[in-house]
Amino acid sequence: MALFKKRTVGKPGEWYYCLEHKKVEEGPECPAKDRFGPYPNRAEAEHAMQTARERDLQWENDPKWHDTPAGPPRDDD
C-alpha cells in the first residue's frame, strides 16, 4: 500500500491543455508531464500550442541565447 497517492487535483477556474489528448481541461485531469498550464481562462488554454510556437520563435531569435561569436569561424591551428 502506498503511503502517498499522486492525485491530479486542480482548482475550478484553472485551465490546462493536455498534450496527450489534445484537449482543454478545467482543473488538471492528466499528469503534469502531459499538460501546459494553468491558464486563467479557457480561451488561453485553447491557444496553448500557438503560444508555445510563438515563444519558441522568440527564443530562437533572441541574441542573448546564442553563444556563437559573431563573424566567420577562426582557424586556431
# chains A, B, ... in the order shown; residues from 1 in each chain; ligands from 1
>>> residues_around(residues="His21 (chain A)", least_positions_apart="5", cutoff="12 Å", atoms="only C-alpha atoms", output="PDB file with all heavy atoms, in the first residue's frame")
ATOM      1  N   TYR A  16      -6.101  23.986 -18.380  1.00  0.00           N
ATOM      2  CA  TYR A  16      -4.897  23.316 -18.856  1.00  0.00           C
ATOM      3  C   TYR A  16      -5.126  22.820 -20.277  1.00  0.00           C
ATOM      4  O   TYR A  16      -6.261  22.610 -20.696  1.00  0.00           O
ATOM      5  CB  TYR A  16      -4.558  22.114 -17.969  1.00  0.00           C
ATOM      6  CG  TYR A  16      -4.208  22.504 -16.564  1.00  0.00           C
ATOM      7  CD1 TYR A  16      -5.190  22.708 -15.613  1.00  0.00           C
ATOM      8  CD2 TYR A  16      -2.880  22.681 -16.186  1.00  0.00           C
ATOM      9  CE1 TYR A  16      -4.874  23.077 -14.323  1.00  0.00           C
ATOM     10  CE2 TYR A  16      -2.565  23.056 -14.900  1.00  0.00           C
ATOM     11  CZ  TYR A  16      -3.558  23.248 -13.967  1.00  0.00           C
ATOM     12  OH  TYR A  16      -3.240  23.618 -12.697  1.00  0.00           O
ATOM     13  N   GLU A  29      -6.657  17.101 -15.368  1.00  0.00           N
ATOM     14  CA  GLU A  29      -7.143  15.729 -15.381  1.00  0.00           C
ATOM     15  C   GLU A  29      -5.994  14.776 -15.678  1.00  0.00           C
ATOM     16  O   GLU A  29      -6.047  13.623 -15.295  1.00  0.00           O
ATOM     17  CB  GLU A  29      -8.245  15.582 -16.430  1.00  0.00           C
ATOM     18  CG  GLU A  29      -9.483  16.404 -16.120  1.00  0.00           C
ATOM     19  CD  GLU A  29     -10.487  16.380 -17.259  1.00  0.00           C
ATOM     20  OE1 GLU A  29     -10.380  15.506 -18.147  1.00  0.00           O
ATOM     21  OE2 GLU A  29     -11.375  17.236 -17.265  1.00  0.00           O
ATOM     22  N   CYS A  30      -4.995  15.261 -16.380  1.00  0.00           N
ATOM     23  CA  CYS A  30      -3.874  14.432 -16.795  1.00  0.00           C
ATOM     24  C   CYS A  30      -2.622  14.810 -15.997  1.00  0.00           C
ATOM     25  O   CYS A  30      -2.544  15.879 -15.414  1.00  0.00           O
ATOM     26  CB  CYS A  30      -3.628  14.621 -18.288  1.00  0.00           C
ATOM     27  SG  CYS A  30      -5.010  14.035 -19.287  1.00  0.00           S
ATOM     28  N   PRO A  31      -1.610  13.933 -15.991  1.00  0.00           N
ATOM     29  CA  PRO A  31      -0.372  14.214 -15.254  1.00  0.00           C
ATOM     30  C   PRO A  31       0.330  15.483 -15.760  1.00  0.00           C
ATOM     31  O   PRO A  31       0.187  15.850 -16.926  1.00  0.00           O
ATOM     32  CB  PRO A  31       0.497  12.989 -15.521  1.00  0.00           C
ATOM     33  CG  PRO A  31      -0.411  11.940 -16.031  1.00  0.00           C
ATOM     34  CD  PRO A  31      -1.584  12.628 -16.645  1.00  0.00           C
ATOM     35  N   ASP A  34       2.167  15.828 -19.088  1.00  0.00           N
ATOM     36  CA  ASP A  34       1.387  15.809 -20.321  1.00  0.00           C
ATOM     37  C   ASP A  34       0.556  17.066 -20.538  1.00  0.00           C
ATOM     38  O   ASP A  34      -0.358  17.060 -21.357  1.00  0.00           O
ATOM     39  CB  ASP A  34       0.434  14.601 -20.324  1.00  0.00           C
ATOM     40  CG  ASP A  34       1.172  13.283 -20.348  1.00  0.00           C
ATOM     41  OD1 ASP A  34       2.275  13.231 -20.915  1.00  0.00           O
ATOM     42  OD2 ASP A  34       0.641  12.311 -19.795  1.00  0.00           O
ATOM     43  N   ARG A  35       0.854  18.152 -19.826  1.00  0.00           N
ATOM     44  CA  ARG A  35      -0.021  19.316 -19.975  1.00  0.00           C
ATOM     45  C   ARG A  35       0.739  20.636 -19.879  1.00  0.00           C
ATOM     46  O   ARG A  35       1.819  20.712 -19.332  1.00  0.00           O
ATOM     47  CB  ARG A  35      -1.136  19.281 -18.941  1.00  0.00           C
ATOM     48  CG  ARG A  35      -0.646  19.454 -17.525  1.00  0.00           C
ATOM     49  CD  ARG A  35      -1.806  19.468 -16.534  1.00  0.00           C
ATOM     50  NE  ARG A  35      -1.336  19.879 -15.247  1.00  0.00           N
ATOM     51  CZ  ARG A  35      -1.154  19.068 -14.205  1.00  0.00           C
ATOM     52  NH1 ARG A  35      -1.434  17.799 -14.312  1.00  0.00           N
ATOM     53  NH2 ARG A  35      -0.708  19.553 -13.071  1.00  0.00           N
ATOM     54  N   PHE A  36       0.130  21.658 -20.462  1.00  0.00           N
ATOM     55  CA  PHE A  36       0.565  23.042 -20.320  1.00  0.00           C
ATOM     56  C   PHE A  36      -0.439  23.726 -19.416  1.00  0.00           C
ATOM     57  O   PHE A  36      -1.623  23.449 -19.468  1.00  0.00           O
ATOM     58  CB  PHE A  36       0.566  23.775 -21.659  1.00  0.00           C
ATOM     59  CG  PHE A  36       1.695  23.438 -22.599  1.00  0.00           C
ATOM     60  CD1 PHE A  36       1.560  23.694 -23.949  1.00  0.00           C
ATOM     61  CD2 PHE A  36       2.871  22.895 -22.151  1.00  0.00           C
ATOM     62  CE1 PHE A  36       2.585  23.414 -24.828  1.00  0.00           C
ATOM     63  CE2 PHE A  36       3.903  22.604 -23.022  1.00  0.00           C
ATOM     64  CZ  PHE A  36       3.762  22.869 -24.361  1.00  0.00           C
TER      65      PHE A  36
END
>>> residues_around(residues="region 49-53 of chain A", least_positions_apart="2", cutoff="12 Å", atoms="only C-alpha atoms", output="mmCIF file with C-alpha atoms, in the first residue's frame")
data_model
loop_
_atom_site.group_PDB
_atom_site.id
_atom_site.type_symbol
_atom_site.label_atom_id
_atom_site.label_comp_id
_atom_site.auth_asym_id
_atom_site.auth_seq_id
_atom_site.Cartn_x
_atom_site.Cartn_y
_atom_site.Cartn_z
ATOM 1 C CA TYR A 16 -4.897 23.316 -18.856
ATOM 2 C CA TYR A 17 -4.084 21.986 -22.305
ATOM 3 C CA CYS A 18 -3.432 18.234 -22.383
ATOM 4 C CA LEU A 19 -0.667 17.403 -24.862
ATOM 5 C CA LYS A 22 -5.036 17.415 -27.436
ATOM 6 C CA LYS A 23 -7.863 18.930 -25.412
ATOM 7 C CA VAL A 24 -8.567 21.673 -22.920
ATOM 8 C CA ARG A 35 -0.021 19.316 -19.975
ATOM 9 C CA PHE A 36 0.565 23.042 -20.320
ATOM 10 C CA GLY A 37 -0.918 25.423 -17.784
ATOM 11 C CA TYR A 39 -4.145 29.312 -17.771
ATOM 12 C CA ALA A 43 -9.555 30.737 -24.405
ATOM 13 C CA GLU A 44 -5.891 30.989 -23.418
ATOM 14 C CA ALA A 45 -5.697 27.232 -22.844
ATOM 15 C CA GLU A 46 -7.206 26.625 -26.305
ATOM 16 C CA HIS A 47 -4.347 28.645 -27.837
ATOM 17 C CA ARG A 55 7.571 31.744 -27.727
ATOM 18 C CA ASP A 56 9.856 29.191 -29.378
ATOM 19 C CA LEU A 57 10.394 31.562 -32.306
ATOM 20 C CA GLN A 58 11.123 34.453 -29.956
ATOM 21 C CA TRP A 59 13.694 32.397 -28.053
ATOM 22 C CA GLU A 60 15.331 31.065 -31.211
#
>>> residues_around(residues="Glu14 (chain A)", least_positions_apart="4", cutoff="10 Å", atoms="only C-alpha atoms", output="list in words")
Gly10, Glu25, Glu26, Gly27, Pro28, Gly37, Pro38, Tyr39, Pro40, Asn41, Arg42 and Ala45 of chain A
>>> write_last_selection(atoms="C-alpha atoms", output="mmCIF file, in the first residue's frame")
data_model
loop_
_atom_site.group_PDB
_atom_site.id
_atom_site.type_symbol
_atom_site.label_atom_id
_atom_site.label_comp_id
_atom_site.auth_asym_id
_atom_site.auth_seq_id
_atom_site.Cartn_x
_atom_site.Cartn_y
_atom_site.Cartn_z
ATOM 1 C CA GLY A 10 -6.910 21.163 -9.663
ATOM 2 C CA GLU A 25 -9.499 20.637 -19.398
ATOM 3 C CA GLU A 26 -10.637 22.573 -16.349
ATOM 4 C CA GLY A 27 -8.505 21.556 -13.433
ATOM 5 C CA PRO A 28 -5.778 19.110 -14.370
ATOM 6 C CA GLY A 37 -0.918 25.423 -17.784
ATOM 7 C CA PRO A 38 -2.530 26.606 -15.690
ATOM 8 C CA TYR A 39 -4.145 29.312 -17.771
ATOM 9 C CA PRO A 40 -6.541 31.907 -16.351
ATOM 10 C CA ASN A 41 -9.303 31.081 -18.842
ATOM 11 C CA ARG A 42 -10.413 28.529 -21.408
ATOM 12 C CA ALA A 45 -5.697 27.232 -22.844
#
>>> select_by_dssp(residues="region 21-76 of chain A", states="strand (DSSP E)", output="PyMOL selection string")
chain A and resi 23-26+35-39
>>> write_last_selection(atoms="C-alpha atoms", output="mmCIF file, in the first residue's frame")
data_model
loop_
_atom_site.group_PDB
_atom_site.id
_atom_site.type_symbol
_atom_site.label_atom_id
_atom_site.label_comp_id
_atom_site.auth_asym_id
_atom_site.auth_seq_id
_atom_site.Cartn_x
_atom_site.Cartn_y
_atom_site.Cartn_z
ATOM 1 C CA LYS A 23 -7.863 18.930 -25.412
ATOM 2 C CA VAL A 24 -8.567 21.673 -22.920
ATOM 3 C CA GLU A 25 -9.499 20.637 -19.398
ATOM 4 C CA GLU A 26 -10.637 22.573 -16.349
ATOM 5 C CA ARG A 35 -0.021 19.316 -19.975
ATOM 6 C CA PHE A 36 0.565 23.042 -20.320
ATOM 7 C CA GLY A 37 -0.918 25.423 -17.784
ATOM 8 C CA PRO A 38 -2.530 26.606 -15.690
ATOM 9 C CA TYR A 39 -4.145 29.312 -17.771
#
